[in-house]
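Structure data follow from start_21.cif (mmCIF, C-alpha atoms):
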data_data
loop_
_atom_site.label_atom_id
_atom_site.label_comp_id
_atom_site.auth_asym_id
_atom_site.auth_seq_id
_atom_site.Cartn_x
_atom_site.Cartn_y
_atom_site.Cartn_z
CA MET A 1 19.34 7.19 9.80
CA ALA A 2 18.95 3.56 8.78
CA LYS A 3 16.67 2.75 5.84
CA ILE A 4 14.20 0.85 8.02
CA ASP A 5 13.92 3.82 10.37
CA GLU A 6 13.25 6.12 7.42
CA LEU A 7 10.59 3.76 6.08
CA ASN A 8 8.88 3.48 9.47
CA LYS A 9 8.91 7.28 9.73
CA LEU A 10 7.22 7.54 6.32
CA LEU A 11 4.52 5.10 7.42
CA SER A 12 3.94 7.09 10.60
CA GLN A 13 3.65 10.28 8.57
CA LEU A 14 1.15 8.61 6.23
CA LEU A 15 -1.03 7.51 9.12
CA SER A 16 -0.90 10.94 10.75
CA SER A 17 -1.63 12.76 7.48
CA SER A 18 -4.87 10.88 6.96
CA GLY A 19 -7.20 9.99 9.79
CA ASP A 20 -8.91 7.60 7.39
CA ILE A 21 -5.89 5.29 7.12
CA GLU A 22 -5.91 2.79 9.96
CA GLY A 23 -2.74 0.89 9.09
CA ALA A 24 -0.04 0.66 6.45
CA SER A 25 2.90 -1.49 5.46
CA ILE A 26 5.65 -1.74 2.90
CA VAL A 27 5.93 -5.18 1.33
CA SER A 28 8.48 -6.68 -1.04
CA GLU A 29 7.27 -8.03 -4.38
CA ASP A 30 7.81 -11.56 -3.11
CA GLY A 31 5.56 -11.03 -0.10
CA LEU A 32 7.88 -10.14 2.77
CA ILE A 33 7.27 -7.29 5.21
CA ILE A 34 9.83 -4.50 4.90
CA ALA A 35 8.21 -2.05 7.35
CA SER A 36 4.85 -1.98 9.06
CA ALA A 37 2.44 0.21 11.01
CA LEU A 38 -0.56 -2.08 11.27
CA GLN A 39 -3.25 -2.26 13.91
CA GLN A 40 -2.96 -4.79 16.66
CA GLY A 41 -4.60 -8.04 15.64
CA ILE A 42 -3.70 -7.75 11.96
CA GLU A 43 -1.09 -10.30 11.00
CA GLU A 44 1.82 -8.77 9.05
CA GLY A 45 2.64 -11.97 7.21
CA ARG A 46 -0.91 -12.35 5.98
CA VAL A 47 -1.03 -8.74 4.77
CA ALA A 48 2.28 -9.21 2.98
CA ALA A 49 1.29 -12.44 1.26
CA MET A 50 -2.11 -11.17 0.12
CA SER A 51 -0.69 -7.87 -1.08
CA SER A 52 1.93 -9.65 -3.15
CA ALA A 53 -0.72 -11.89 -4.68
CA MET A 54 -2.99 -8.91 -5.44
CA LEU A 55 -0.11 -7.09 -7.10
CA SER A 56 0.77 -10.08 -9.23
CA ILE A 57 -2.83 -10.55 -10.38
CA GLY A 58 -3.28 -6.82 -10.97
CA ASP A 59 -0.13 -6.63 -13.10
CA ARG A 60 -1.31 -9.57 -15.17
CA ILE A 61 -4.80 -8.11 -15.63
CA VAL A 62 -3.60 -4.73 -16.92
CA THR A 63 -1.10 -6.45 -19.21
CA GLU A 64 -3.54 -9.00 -20.64
CA LEU A 65 -6.32 -6.44 -21.09
CA LYS A 66 -3.94 -3.81 -22.48
CA ARG A 67 -4.72 -1.24 -19.77
CA GLY A 68 -1.16 0.09 -19.48
CA THR A 69 0.86 0.04 -16.29
CA LEU A 70 -0.69 -0.89 -12.97
CA GLU A 71 -1.06 2.14 -10.70
CA GLN A 72 -3.12 0.86 -7.80
CA ILE A 73 -5.47 -1.84 -6.63
CA PHE A 74 -8.21 -1.30 -4.13
CA VAL A 75 -10.66 -3.67 -2.57
CA ARG A 76 -13.79 -2.46 -0.82
CA GLY A 77 -15.35 -4.44 1.97
CA ASP A 78 -18.13 -3.77 4.45
CA ASN A 79 -15.63 -2.38 6.95
CA GLY A 80 -13.33 -0.41 4.66
CA PHE A 81 -10.74 -0.52 1.94
CA VAL A 82 -7.41 -2.14 1.18
CA VAL A 83 -5.30 -0.09 -1.22
CA VAL A 84 -2.11 -1.42 -2.82
CA MET A 85 0.28 0.52 -5.06
CA HIS A 86 3.84 0.15 -6.31
CA ALA A 87 6.51 1.87 -4.23
CA GLY A 88 9.52 1.58 -6.47
CA ALA A 89 10.63 -1.32 -8.60
CA HIS A 90 10.50 -4.04 -5.95
CA ALA A 91 8.08 -2.96 -3.23
CA VAL A 92 4.46 -2.06 -2.66
CA LEU A 93 2.70 0.23 -0.22
CA VAL A 94 -0.42 -1.20 1.41
CA ALA A 95 -2.96 0.87 3.33
CA LEU A 96 -6.04 -0.18 5.28
CA ALA A 97 -8.65 2.57 5.25
CA LYS A 98 -11.98 3.20 6.98
CA LYS A 99 -15.19 2.59 5.08
CA GLU A 100 -16.03 6.33 5.01
CA ALA A 101 -12.56 7.24 3.70
CA LYS A 102 -12.13 9.83 0.97
CA LEU A 103 -10.28 7.70 -1.57
CA GLY A 104 -8.97 10.59 -3.66
CA LEU A 105 -7.07 11.98 -0.68
CA ILE A 106 -5.81 8.55 0.28
CA PHE A 107 -4.55 7.92 -3.27
CA LEU A 108 -2.75 11.28 -3.21
CA ASP A 109 -1.13 10.68 0.20
CA MET A 110 -0.15 7.15 -0.77
CA SER A 111 1.35 8.30 -4.09
CA ARG A 112 3.56 10.80 -2.28
CA THR A 113 4.60 8.21 0.27
CA ALA A 114 5.28 5.58 -2.43
CA GLU A 115 7.53 8.04 -4.26
CA ALA A 116 9.49 8.71 -1.08
CA ILE A 117 9.78 4.97 -0.42
CA SER A 118 11.14 4.35 -3.92
CA LYS A 119 13.88 6.91 -3.30
CA ILE A 120 14.92 5.15 -0.09
CA LEU A 121 14.84 1.63 -1.54
#

Structure translated into structure tokens:
Amino acid sequence: MAKIDELNKLLSQLLSSSGDIEGASIVSEDGLIIASALQQGIEEGRVAAMSSAMLSIGDRIVTELKRGTLEQIFVRGDNGFVVVMHAGAHAVLVALAKKEAKLGLIFLDMSRTAEAISKIL
């Protein structure tokens, strides 16, 4: 199975494992989409660019404030959450979650998926 097929399968499994995750993507550190399972109407390129920027800022914050290694970033809005976490050395996993989502479960599911992604990439 090709790498991209494996990555798309992992994203599908992530979405099916949590009814609270509405979309997910795998993005390179430099802001390019590697694989995606986003809702219709959500622009992949925009998600990729913003996720890359969030990761860069998050890495700088934890370094400058001596908080260790960045594990995850999440942003809460009126309509839900955006969660970003490293998925190997050169990629990030991004998930869009409902506003009533149970974040602990999402973090757990995303951590498992990110680990599997890092093994593929």

Sorted by chain and rising residue number, list the residues of region 9-80 of chain A at most 10 Å from region 99-106 of chain A (counting all atoms listed in the file), each with its closest atom pair and distance in Å to one decimal, as a Markdown table.
| residue | atom | partner | partner_atom | distance |
| --- | --- | --- | --- | --- |
| A:Leu14 | CA | A:Ile106 | CA | 9.2 |
| A:Ser17 | CA | A:Ile106 | CA | 9.3 |
| A:Ser18 | CA | A:Ile106 | CA | 7.1 |
| A:Gly19 | CA | A:Ala101 | CA | 8.6 |
| A:Asp20 | CA | A:Ala101 | CA | 5.2 |
| A:Ile21 | CA | A:Ile106 | CA | 7.6 |
| A:Phe74 | CA | A:Leu103 | CA | 9.6 |
| A:Arg76 | CA | A:Lys99 | CA | 7.9 |
| A:Gly77 | CA | A:Lys99 | CA | 7.7 |
| A:Asp78 | CA | A:Lys99 | CA | 7.0 |
| A:Asn79 | CA | A:Lys99 | CA | 5.3 |
| A:Gly80 | CA | A:Lys99 | CA | 3.6 |

Exercise. So which one's closest to Leu55 (chain A), A:Glu6, A:Gly41, A:Ala35, A:Leu93? Using only C-alpha atoms, please.
Worked result: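 Closest candidate: A:Leu93.
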
Exercise. So which residues are close to (3.0, 0.6, -3.2), meaning at most 10 Å away in the file's coordinates with all atoms listed in the file counted, and can you show them as a count of residues only?
Worked result: 30

Padding 3 Å on every side, please: axis-aligned box over the listed atoms of region 87-90 of chain A, centre and edge lengths to one decimal in Å, as JSON.
{"center_x": 8.6, "center_y": -1.1, "center_z": -6.4, "size_x": 10.1, "size_y": 11.9, "size_z": 10.4}

For this session: Can you work out the spacing between CA of Gly45 (chain A) and CA of Leu7 (chain A) in Å, to one decimal?
Result: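 Here the two named atoms are 17.7 Å from each other.
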
Problem set entry | Distance criterion (only C-alpha atoms): nearest to Gln39 (chain A) out of A:Leu96, A:Phe81, A:Glu64, A:Phe107 |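 The shortest atom-to-atom distance to Gln39 (chain A) comes from A:Leu96.
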
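Distance check against Lys98 (chain A) using only C-alpha atoms: of A:Leu38, A:Met50, A:Val82, A:Ile61, the minimum falls on A:Val82.
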
Problem set entry | Nearest residue to Glu43 (chain A) from the set A:Ala24, A:Ser12, A:Asp30, A:Ala2 (distances using all atoms listed in the file) | A:Ala24

Problem set entry | Gap from CA of Arg60 (chain A) to CA of Leu10 (chain A) - Å, one decimal | 28.8 Å

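Comparing A:Val62, A:Leu11, A:Ser16, A:Ser52 by their smallest distance to Gly31 (chain A), the closest is A:Ser52 (using all atoms listed in the file).
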
How about completing region 34-52 of chain A with N, CA and C atoms and giving it to me as a PDB file, keeping the file's coordinate frame?
ATOM      1  N   ILE A  34       8.644  -5.338   4.800  1.00  0.00           N
ATOM      2  CA  ILE A  34       9.830  -4.500   4.900  1.00  0.00           C
ATOM      3  C   ILE A  34       9.684  -3.569   6.097  1.00  0.00           C
ATOM      4  N   ALA A  35       8.520  -2.937   6.221  1.00  0.00           N
ATOM      5  CA  ALA A  35       8.210  -2.050   7.350  1.00  0.00           C
ATOM      6  C   ALA A  35       6.700  -2.088   7.553  1.00  0.00           C
ATOM      7  N   SER A  36       6.277  -1.830   8.789  1.00  0.00           N
ATOM      8  CA  SER A  36       4.850  -1.980   9.060  1.00  0.00           C
ATOM      9  C   SER A  36       4.377  -1.055  10.163  1.00  0.00           C
ATOM     10  N   ALA A  37       3.145  -0.566   9.997  1.00  0.00           N
ATOM     11  CA  ALA A  37       2.440   0.210  11.010  1.00  0.00           C
ATOM     12  C   ALA A  37       0.985  -0.238  10.974  1.00  0.00           C
ATOM     13  N   LEU A  38       0.771  -1.497  11.329  1.00  0.00           N
ATOM     14  CA  LEU A  38      -0.560  -2.080  11.270  1.00  0.00           C
ATOM     15  C   LEU A  38      -1.192  -2.107  12.656  1.00  0.00           C
ATOM     16  N   GLN A  39      -2.519  -2.169  12.660  1.00  0.00           N
ATOM     17  CA  GLN A  39      -3.250  -2.260  13.910  1.00  0.00           C
ATOM     18  C   GLN A  39      -2.958  -3.585  14.600  1.00  0.00           C
ATOM     19  N   GLN A  40      -3.113  -3.563  15.903  1.00  0.00           N
ATOM     20  CA  GLN A  40      -2.960  -4.790  16.660  1.00  0.00           C
ATOM     21  C   GLN A  40      -4.035  -5.781  16.198  1.00  0.00           C
ATOM     22  N   GLY A  41      -3.657  -7.016  16.070  1.00  0.00           N
ATOM     23  CA  GLY A  41      -4.600  -8.040  15.640  1.00  0.00           C
ATOM     24  C   GLY A  41      -4.570  -8.319  14.147  1.00  0.00           C
ATOM     25  N   ILE A  42      -3.842  -7.504  13.404  1.00  0.00           N
ATOM     26  CA  ILE A  42      -3.700  -7.750  11.960  1.00  0.00           C
ATOM     27  C   ILE A  42      -2.327  -8.349  11.735  1.00  0.00           C
ATOM     28  N   GLU A  43      -2.317  -9.534  11.177  1.00  0.00           N
ATOM     29  CA  GLU A  43      -1.090 -10.300  11.000  1.00  0.00           C
ATOM     30  C   GLU A  43      -0.270  -9.768   9.820  1.00  0.00           C
ATOM     31  N   GLU A  44       0.956  -9.335  10.087  1.00  0.00           N
ATOM     32  CA  GLU A  44       1.820  -8.770   9.050  1.00  0.00           C
ATOM     33  C   GLU A  44       2.060  -9.736   7.905  1.00  0.00           C
ATOM     34  N   GLY A  45       2.345 -10.972   8.238  1.00  0.00           N
ATOM     35  CA  GLY A  45       2.640 -11.970   7.210  1.00  0.00           C
ATOM     36  C   GLY A  45       1.478 -12.178   6.260  1.00  0.00           C
ATOM     37  N   ARG A  46       0.288 -12.172   6.807  1.00  0.00           N
ATOM     38  CA  ARG A  46      -0.910 -12.350   5.980  1.00  0.00           C
ATOM     39  C   ARG A  46      -1.097 -11.157   5.053  1.00  0.00           C
ATOM     40  N   VAL A  47      -0.917  -9.950   5.584  1.00  0.00           N
ATOM     41  CA  VAL A  47      -1.030  -8.740   4.770  1.00  0.00           C
ATOM     42  C   VAL A  47      -0.003  -8.779   3.640  1.00  0.00           C
ATOM     43  N   ALA A  48       1.211  -9.154   3.973  1.00  0.00           N
ATOM     44  CA  ALA A  48       2.280  -9.210   2.980  1.00  0.00           C
ATOM     45  C   ALA A  48       1.979 -10.207   1.874  1.00  0.00           C
ATOM     46  N   ALA A  49       1.564 -11.402   2.247  1.00  0.00           N
ATOM     47  CA  ALA A  49       1.290 -12.440   1.260  1.00  0.00           C
ATOM     48  C   ALA A  49       0.126 -12.057   0.345  1.00  0.00           C
ATOM     49  N   MET A  50      -0.951 -11.545   0.935  1.00  0.00           N
ATOM     50  CA  MET A  50      -2.110 -11.170   0.120  1.00  0.00           C
ATOM     51  C   MET A  50      -1.799  -9.984  -0.776  1.00  0.00           C
ATOM     52  N   SER A  51      -1.039  -9.038  -0.275  1.00  0.00           N
ATOM     53  CA  SER A  51      -0.690  -7.870  -1.080  1.00  0.00           C
ATOM     54  C   SER A  51       0.156  -8.265  -2.279  1.00  0.00           C
ATOM     55  N   SER A  52       1.092  -9.165  -2.052  1.00  0.00           N
ATOM     56  CA  SER A  52       1.930  -9.650  -3.150  1.00  0.00           C
ATOM     57  C   SER A  52       1.088 -10.365  -4.200  1.00  0.00           C
TER      58      SER A  52
END
